[in-house]
Amino acid sequence: MTATAETGFRSEITDGVLRLTFDRPKRMNAIDLPTMTAFAAAVREGGADPRVRTIVITGSGRAFCTGADLAAAALNPADPKVVMDAATSLIRAITSAPVPVIAAVNGPAAGVGVSIALAADLTYAASSAYFLLSFVNIGLMPDGGASALVPAAIGRARAAEMALLGERVSAEDAERFGLVSRTVADDAFDAFDALVDSVVDRTSKAPRRALELTKRALNAATLDRLDAALELENTGQAELLTGDDFKEGAMAMLQKRAPHFK
């Protein structure tokens with residue numbers, strides 16, 4: 001695998017580690033349909049590659065991934081079912097990968113970016129990062145398995161505040177709630193990269209099959225309702241994506257004004 005900037009991310013394998021980096025910094029690493037599709041394929045290919053012992057997902061610039069690119073969607077509307085299937089495929093690729101997947105959340109994670117971060121087995125955040133399920137603010141519902149992934153990590157009450165109120169969760173609170181494995185202060189020189197590298201070093205040297213079966217057991221115990229959640233999200237989101245509230249919410253976001261829902 002080589003750099004694939006035209007698909008919205010970079011991909012490289014070094015010393016058994018597949019690093020996938022969202023690379024649309026001018027769009028805060030918002031992703032479009034082609035990027036989601038290609039990213040999912042890269043995760044699947046990495047998991048099937050015997051050279052790969054660990055997959056690391058991160059973002060370039062100031063953000064991790066700020067969800068769907070609404071500007072791109074407005075210019076090139078896609079069938080809602082196709083979009084939802086692509087998001088589902090990406091999350092399932094991460095959770096079913098036979099090797100540990102580490103999310104290095106270097107900045108804001110919003111929308112499906114939250115799902116991508118939480119679908120990983122180990123999630124580390126820089127202190128400047130935050131997590132935002134912004135869907136309700138534009139007339140949508142959480143997708144990408146967020147309705148299962150978030151409460152599995154922090155419980156129903158806090159998940160409801162994130163999903164129903166669209167409240168931002170700081171990296172500090174994310175660690176306190178149990179949403180992420182650990183948070184590292186931005187002002188600690190290279191501390192975030194050092195932490196991720198130390199974890200990668202351990203997972204890449206561990207027995208691959210033992211990690212695979214451990215991951216499978218953990219997911220079976222904690223994400224047993226993920227498939228059901230994805231199905232409900234896909235049906236509900238496909239409806240909402242064609243509704244007037246989403247049209248108003250998306251337009252308001254692009255015009256940087258408050259939405260006026262009927």
# chains A, B, ... in the order shown; residues from 1 in each chain; ligands from 1
call {"tool": "residues_around", "arguments": {"residues": "Arg202 in chain A", "least_positions_apart": "4", "cutoff": "12 Å", "atoms": "only C-alpha atoms", "output": "ChimeraX atom specification"}}
result
/A:16-17,53-54,100,102,195-198,206-208,211
call {"tool": "select_by_dssp", "arguments": {"residues": "range 49-116 of chain A", "states": "alpha helix (DSSP H)", "output": "list in words"}}
result
Leu70, Ala71, Ala72, Ala73, Ala74, Leu75, Pro80, Lys81, Val82, Val83, Met84, Asp85, Ala86, Ala87, Thr88, Ser89, Leu90, Ile91, Arg92, Ala93, Ile94, Thr95, Ser96, Val112, Gly113, Val114, Ser115 and Ile116 of chain A
call {"tool": "closest_residue", "arguments": {"among": "A:Ser181, A:Thr35, A:Thr58, A:Asn234", "to": "Thr21 in chain A", "atoms": "only C-alpha atoms"}}
result
A:Thr58
call {"tool": "closest_residue", "arguments": {"among": "A:Ala152, A:Asn219, A:Ala238, A:Gly139", "to": "Lys262 in chain A", "atoms": "only C-alpha atoms"}}
result
A:Gly139
call {"tool": "closest_residue", "arguments": {"among": "A:Ala252, A:Ala153, A:Ala191, A:Leu226", "to": "Ile138 in chain A", "atoms": "only C-alpha atoms"}}
result
A:Ala252
call {"tool": "atom_distance", "arguments": {"atom1": "CA of Pro142 in chain A", "atom2": "CA of Ala229 in chain A"}}
result
10.1 Å
call {"tool": "closest_residue", "arguments": {"among": "A:Ile91, A:Ala126, A:Val114, A:Ala86", "to": "Ala194 in chain A", "atoms": "only C-alpha atoms"}}
result
A:Ala126
call {"tool": "residues_around", "arguments": {"residues": "Ala119 in chain A", "least_positions_apart": "5", "cutoff": "8 Å", "atoms": "only C-alpha atoms", "output": "number ranges by chain"}}
result
A: 91, 94-95, 149
call {"tool": "write_last_selection", "arguments": {"atoms": "C-alpha atoms", "output": "PDB file, in the first residue's frame"}}
result
ATOM      1  CA  ILE A  91     -17.215   0.343  11.141  1.00  0.00           C
ATOM      2  CA  ILE A  94     -12.567  -1.909  12.057  1.00  0.00           C
ATOM      3  CA  THR A  95     -14.369  -4.072  14.615  1.00  0.00           C
ATOM      4  CA  LEU A 149     -20.541   2.147  20.627  1.00  0.00           C
TER       5      LEU A 149
END
call {"tool": "closest_residue", "arguments": {"among": "A:Pro108, A:Ser127, A:Arg156, A:Met36", "to": "Leu90 in chain A", "atoms": "only C-alpha atoms"}}
result
A:Met36
call {"tool": "residues_around", "arguments": {"residues": "Ala159 in chain A", "least_positions_apart": "5", "cutoff": "7 Å", "atoms": "only C-alpha atoms", "output": "JSON list (two decimals) with N, CA and C atoms, in the first residue's frame"}}
result
[["chain", "number", "residue", "atom", "x", "y", "z"],
["A", 150, "VAL", "N", -21.17, 4.21, 21.78],
["A", 150, "VAL", "CA", -21.04, 5.21, 22.84],
["A", 150, "VAL", "C", -21.58, 4.70, 24.17],
["A", 151, "PRO", "N", -22.83, 4.19, 24.24],
["A", 151, "PRO", "CA", -23.29, 3.68, 25.54],
["A", 151, "PRO", "C", -22.51, 2.47, 26.03],
["A", 154, "ILE", "N", -19.69, 4.46, 27.86],
["A", 154, "ILE", "CA", -19.94, 5.40, 28.95],
["A", 154, "ILE", "C", -21.32, 5.28, 29.59]]
call {"tool": "atom_distance", "arguments": {"atom1": "CA of Ala250 in chain A", "atom2": "CA of Ser134 in chain A"}}
result
11.3 Å
call {"tool": "residues_around", "arguments": {"residues": "Phe246 in chain A", "least_positions_apart": "4", "cutoff": "10 Å", "atoms": "only C-alpha atoms", "output": "ChimeraX atom specification"}}
result
/A:135-140,240-242,250-252,259,261
call {"tool": "closest_residue", "arguments": {"among": "A:Gln237, A:Thr214, A:Ser170, A:Asn29", "to": "Gly145 in chain A", "atoms": "only C-alpha atoms"}}
result
A:Gln237
call {"tool": "atom_distance", "arguments": {"atom1": "CA of Asp69 in chain A", "atom2": "CA of Ala171 in chain A"}}
result
23.0 Å
call {"tool": "residues_around", "arguments": {"residues": "Pro25 in chain A", "least_positions_apart": "3", "cutoff": "7 Å", "atoms": "only C-alpha atoms", "output": "tab-separated table (two decimals) with N, CA, C and O atoms, in the first residue's frame"}}
result
chain	number	residue	atom	x	y	z
A	28	MET	N	-10.96	19.80	7.67
A	28	MET	CA	-10.94	19.22	9.02
A	28	MET	C	-11.16	17.71	8.96
A	28	MET	O	-11.78	17.11	9.82
A	29	ASN	N	-10.64	17.11	7.88
A	29	ASN	CA	-10.73	15.67	7.66
A	29	ASN	C	-12.16	15.15	7.63
A	29	ASN	O	-12.44	14.00	8.01
A	60	SER	N	-4.56	14.06	9.80
A	60	SER	CA	-3.52	15.05	9.56
A	60	SER	C	-4.03	16.43	9.96
A	60	SER	O	-5.23	16.67	10.00
A	61	GLY	N	-3.11	17.31	10.28
A	61	GLY	CA	-3.51	18.66	10.67
A	61	GLY	C	-4.12	18.71	12.06
A	61	GLY	O	-3.72	17.98	12.95
call {"tool": "select_by_dssp", "arguments": {"residues": "range 56-174 of chain A", "states": "strand (DSSP E)", "output": "compact mmCIF listing (two decimals) with C-alpha atoms, in the first residue's frame"}}
result
# COMPACT_ATOMS: atom_id res chain seq x y z
CA VAL A 56 -3.33 2.87 13.49
CA ILE A 57 -5.96 5.40 12.45
CA THR A 58 -5.30 9.12 12.86
CA GLY A 59 -5.79 12.47 11.13
CA VAL A 101 -6.86 -1.18 15.74
CA ILE A 102 -5.61 1.93 17.54
CA ALA A 103 -7.31 5.30 17.11
CA ALA A 104 -4.90 8.19 17.72
CA VAL A 105 -7.39 11.03 18.09
CA ALA A 109 -13.84 13.81 16.28
CA ALA A 110 -17.41 14.55 15.19
CA LEU A 122 -7.68 1.21 21.87
CA THR A 123 -8.47 4.91 21.66
CA TYR A 124 -6.03 7.63 22.74
CA ALA A 125 -6.75 11.35 22.57
CA ALA A 126 -4.72 14.53 22.62
CA TYR A 130 -13.15 16.57 21.65
CA PHE A 131 -16.00 14.23 20.73
CA LEU A 132 -19.25 15.52 19.27
CA VAL A 169 -17.29 16.05 25.28
CA SER A 170 -13.75 17.25 25.96
call {"tool": "decode", "arguments": {"residues": "range 143-185 of chain A", "atoms": "N, CA and C atoms", "output": "PDB file, in the first residue's frame"}}
result
ATOM      1  N   ASP A 143     -25.101   7.703  13.574  1.00  0.00           N
ATOM      2  CA  ASP A 143     -24.956   6.524  12.728  1.00  0.00           C
ATOM      3  C   ASP A 143     -23.548   5.961  12.898  1.00  0.00           C
ATOM      4  N   GLY A 144     -23.179   5.022  12.047  1.00  0.00           N
ATOM      5  CA  GLY A 144     -21.884   4.383  12.187  1.00  0.00           C
ATOM      6  C   GLY A 144     -21.781   3.548  13.451  1.00  0.00           C
ATOM      7  N   GLY A 145     -22.949   3.107  13.973  1.00  0.00           N
ATOM      8  CA  GLY A 145     -22.937   2.295  15.188  1.00  0.00           C
ATOM      9  C   GLY A 145     -22.788   3.084  16.466  1.00  0.00           C
ATOM     10  N   ALA A 146     -22.837   4.423  16.385  1.00  0.00           N
ATOM     11  CA  ALA A 146     -22.639   5.257  17.583  1.00  0.00           C
ATOM     12  C   ALA A 146     -23.653   4.955  18.676  1.00  0.00           C
ATOM     13  N   SER A 147     -24.887   4.576  18.284  1.00  0.00           N
ATOM     14  CA  SER A 147     -25.912   4.316  19.302  1.00  0.00           C
ATOM     15  C   SER A 147     -25.608   3.055  20.103  1.00  0.00           C
ATOM     16  N   ALA A 148     -24.658   2.246  19.647  1.00  0.00           N
ATOM     17  CA  ALA A 148     -24.191   1.104  20.429  1.00  0.00           C
ATOM     18  C   ALA A 148     -22.807   1.360  21.001  1.00  0.00           C
ATOM     19  N   LEU A 149     -21.929   1.949  20.214  1.00  0.00           N
ATOM     20  CA  LEU A 149     -20.541   2.147  20.627  1.00  0.00           C
ATOM     21  C   LEU A 149     -20.416   3.112  21.804  1.00  0.00           C
ATOM     22  N   VAL A 150     -21.167   4.207  21.775  1.00  0.00           N
ATOM     23  CA  VAL A 150     -21.043   5.208  22.838  1.00  0.00           C
ATOM     24  C   VAL A 150     -21.584   4.696  24.172  1.00  0.00           C
ATOM     25  N   PRO A 151     -22.826   4.187  24.241  1.00  0.00           N
ATOM     26  CA  PRO A 151     -23.289   3.677  25.536  1.00  0.00           C
ATOM     27  C   PRO A 151     -22.508   2.468  26.034  1.00  0.00           C
ATOM     28  N   ALA A 152     -21.924   1.685  25.118  1.00  0.00           N
ATOM     29  CA  ALA A 152     -21.091   0.566  25.563  1.00  0.00           C
ATOM     30  C   ALA A 152     -19.883   1.070  26.342  1.00  0.00           C
ATOM     31  N   ALA A 153     -19.432   2.286  26.001  1.00  0.00           N
ATOM     32  CA  ALA A 153     -18.260   2.858  26.661  1.00  0.00           C
ATOM     33  C   ALA A 153     -18.617   3.656  27.910  1.00  0.00           C
ATOM     34  N   ILE A 154     -19.689   4.458  27.855  1.00  0.00           N
ATOM     35  CA  ILE A 154     -19.941   5.403  28.951  1.00  0.00           C
ATOM     36  C   ILE A 154     -21.322   5.283  29.586  1.00  0.00           C
ATOM     37  N   GLY A 155     -22.136   4.353  29.109  1.00  0.00           N
ATOM     38  CA  GLY A 155     -23.455   4.179  29.702  1.00  0.00           C
ATOM     39  C   GLY A 155     -24.527   4.992  28.997  1.00  0.00           C
ATOM     40  N   ARG A 156     -25.781   4.631  29.241  1.00  0.00           N
ATOM     41  CA  ARG A 156     -26.924   5.222  28.537  1.00  0.00           C
ATOM     42  C   ARG A 156     -27.121   6.699  28.859  1.00  0.00           C
ATOM     43  N   ALA A 157     -26.974   7.081  30.124  1.00  0.00           N
ATOM     44  CA  ALA A 157     -27.276   8.461  30.527  1.00  0.00           C
ATOM     45  C   ALA A 157     -26.370   9.467  29.829  1.00  0.00           C
ATOM     46  N   ARG A 158     -25.064   9.227  29.875  1.00  0.00           N
ATOM     47  CA  ARG A 158     -24.140  10.162  29.228  1.00  0.00           C
ATOM     48  C   ARG A 158     -24.244  10.069  27.712  1.00  0.00           C
ATOM     49  N   ALA A 159     -24.496   8.867  27.200  1.00  0.00           N
ATOM     50  CA  ALA A 159     -24.668   8.711  25.755  1.00  0.00           C
ATOM     51  C   ALA A 159     -25.879   9.503  25.278  1.00  0.00           C
ATOM     52  N   ALA A 160     -26.940   9.530  26.085  1.00  0.00           N
ATOM     53  CA  ALA A 160     -28.145  10.283  25.720  1.00  0.00           C
ATOM     54  C   ALA A 160     -27.872  11.778  25.652  1.00  0.00           C
ATOM     55  N   GLU A 161     -27.060  12.279  26.584  1.00  0.00           N
ATOM     56  CA  GLU A 161     -26.706  13.703  26.523  1.00  0.00           C
ATOM     57  C   GLU A 161     -25.931  14.023  25.251  1.00  0.00           C
ATOM     58  N   MET A 162     -25.017  13.139  24.880  1.00  0.00           N
ATOM     59  CA  MET A 162     -24.248  13.369  23.657  1.00  0.00           C
ATOM     60  C   MET A 162     -25.148  13.326  22.423  1.00  0.00           C
ATOM     61  N   ALA A 163     -26.040  12.324  22.378  1.00  0.00           N
ATOM     62  CA  ALA A 163     -26.829  12.091  21.163  1.00  0.00           C
ATOM     63  C   ALA A 163     -28.053  13.002  21.054  1.00  0.00           C
ATOM     64  N   LEU A 164     -28.753  13.211  22.167  1.00  0.00           N
ATOM     65  CA  LEU A 164     -29.998  13.979  22.124  1.00  0.00           C
ATOM     66  C   LEU A 164     -29.779  15.481  22.244  1.00  0.00           C
ATOM     67  N   LEU A 165     -28.694  15.877  22.897  1.00  0.00           N
ATOM     68  CA  LEU A 165     -28.417  17.305  23.089  1.00  0.00           C
ATOM     69  C   LEU A 165     -27.298  17.807  22.190  1.00  0.00           C
ATOM     70  N   GLY A 166     -26.588  16.897  21.548  1.00  0.00           N
ATOM     71  CA  GLY A 166     -25.473  17.309  20.693  1.00  0.00           C
ATOM     72  C   GLY A 166     -24.384  17.998  21.474  1.00  0.00           C
ATOM     73  N   GLU A 167     -24.135  17.514  22.705  1.00  0.00           N
ATOM     74  CA  GLU A 167     -23.150  18.179  23.560  1.00  0.00           C
ATOM     75  C   GLU A 167     -21.741  17.672  23.277  1.00  0.00           C
ATOM     76  N   ARG A 168     -20.811  18.602  23.243  1.00  0.00           N
ATOM     77  CA  ARG A 168     -19.403  18.280  23.029  1.00  0.00           C
ATOM     78  C   ARG A 168     -18.798  17.707  24.303  1.00  0.00           C
ATOM     79  N   VAL A 169     -17.992  16.647  24.151  1.00  0.00           N
ATOM     80  CA  VAL A 169     -17.287  16.048  25.277  1.00  0.00           C
ATOM     81  C   VAL A 169     -15.799  16.289  25.092  1.00  0.00           C
ATOM     82  N   SER A 170     -15.175  16.965  26.042  1.00  0.00           N
ATOM     83  CA  SER A 170     -13.749  17.249  25.964  1.00  0.00           C
ATOM     84  C   SER A 170     -12.949  15.966  26.123  1.00  0.00           C
ATOM     85  N   ALA A 171     -11.686  16.026  25.721  1.00  0.00           N
ATOM     86  CA  ALA A 171     -10.817  14.859  25.882  1.00  0.00           C
ATOM     87  C   ALA A 171     -10.690  14.485  27.353  1.00  0.00           C
ATOM     88  N   GLU A 172     -10.592  15.501  28.218  1.00  0.00           N
ATOM     89  CA  GLU A 172     -10.470  15.243  29.656  1.00  0.00           C
ATOM     90  C   GLU A 172     -11.689  14.496  30.176  1.00  0.00           C
ATOM     91  N   ASP A 173     -12.889  14.960  29.786  1.00  0.00           N
ATOM     92  CA  ASP A 173     -14.108  14.277  30.217  1.00  0.00           C
ATOM     93  C   ASP A 173     -14.226  12.909  29.556  1.00  0.00           C
ATOM     94  N   ALA A 174     -13.771  12.799  28.321  1.00  0.00           N
ATOM     95  CA  ALA A 174     -13.830  11.511  27.627  1.00  0.00           C
ATOM     96  C   ALA A 174     -13.036  10.455  28.380  1.00  0.00           C
ATOM     97  N   GLU A 175     -11.881  10.836  28.902  1.00  0.00           N
ATOM     98  CA  GLU A 175     -11.091   9.898  29.695  1.00  0.00           C
ATOM     99  C   GLU A 175     -11.790   9.606  31.018  1.00  0.00           C
ATOM    100  N   ARG A 176     -12.333  10.635  31.639  1.00  0.00           N
ATOM    101  CA  ARG A 176     -13.004  10.456  32.936  1.00  0.00           C
ATOM    102  C   ARG A 176     -14.243   9.576  32.797  1.00  0.00           C
ATOM    103  N   PHE A 177     -14.965   9.727  31.682  1.00  0.00           N
ATOM    104  CA  PHE A 177     -16.170   8.933  31.448  1.00  0.00           C
ATOM    105  C   PHE A 177     -15.852   7.494  31.039  1.00  0.00           C
ATOM    106  N   GLY A 178     -14.646   7.270  30.493  1.00  0.00           N
ATOM    107  CA  GLY A 178     -14.307   5.957  29.957  1.00  0.00           C
ATOM    108  C   GLY A 178     -14.536   5.841  28.464  1.00  0.00           C
ATOM    109  N   LEU A 179     -14.667   6.991  27.807  1.00  0.00           N
ATOM    110  CA  LEU A 179     -14.882   6.989  26.363  1.00  0.00           C
ATOM    111  C   LEU A 179     -13.597   6.660  25.612  1.00  0.00           C
ATOM    112  N   VAL A 180     -12.454   7.035  26.187  1.00  0.00           N
ATOM    113  CA  VAL A 180     -11.150   6.755  25.586  1.00  0.00           C
ATOM    114  C   VAL A 180     -10.263   6.058  26.605  1.00  0.00           C
ATOM    115  N   SER A 181      -9.206   5.418  26.110  1.00  0.00           N
ATOM    116  CA  SER A 181      -8.286   4.710  26.991  1.00  0.00           C
ATOM    117  C   SER A 181      -7.453   5.673  27.822  1.00  0.00           C
ATOM    118  N   ARG A 182      -6.990   6.751  27.187  1.00  0.00           N
ATOM    119  CA  ARG A 182      -6.124   7.701  27.881  1.00  0.00           C
ATOM    120  C   ARG A 182      -6.049   9.004  27.095  1.00  0.00           C
ATOM    121  N   THR A 183      -5.804  10.103  27.809  1.00  0.00           N
ATOM    122  CA  THR A 183      -5.615  11.415  27.193  1.00  0.00           C
ATOM    123  C   THR A 183      -4.223  11.924  27.547  1.00  0.00           C
ATOM    124  N   VAL A 184      -3.583  12.585  26.596  1.00  0.00           N
ATOM    125  CA  VAL A 184      -2.237  13.119  26.807  1.00  0.00           C
ATOM    126  C   VAL A 184      -2.243  14.621  26.552  1.00  0.00           C
ATOM    127  N   ALA A 185      -1.625  15.373  27.446  1.00  0.00           N
ATOM    128  CA  ALA A 185      -1.584  16.826  27.313  1.00  0.00           C
ATOM    129  C   ALA A 185      -0.844  17.245  26.051  1.00  0.00           C
TER     130      ALA A 185
END
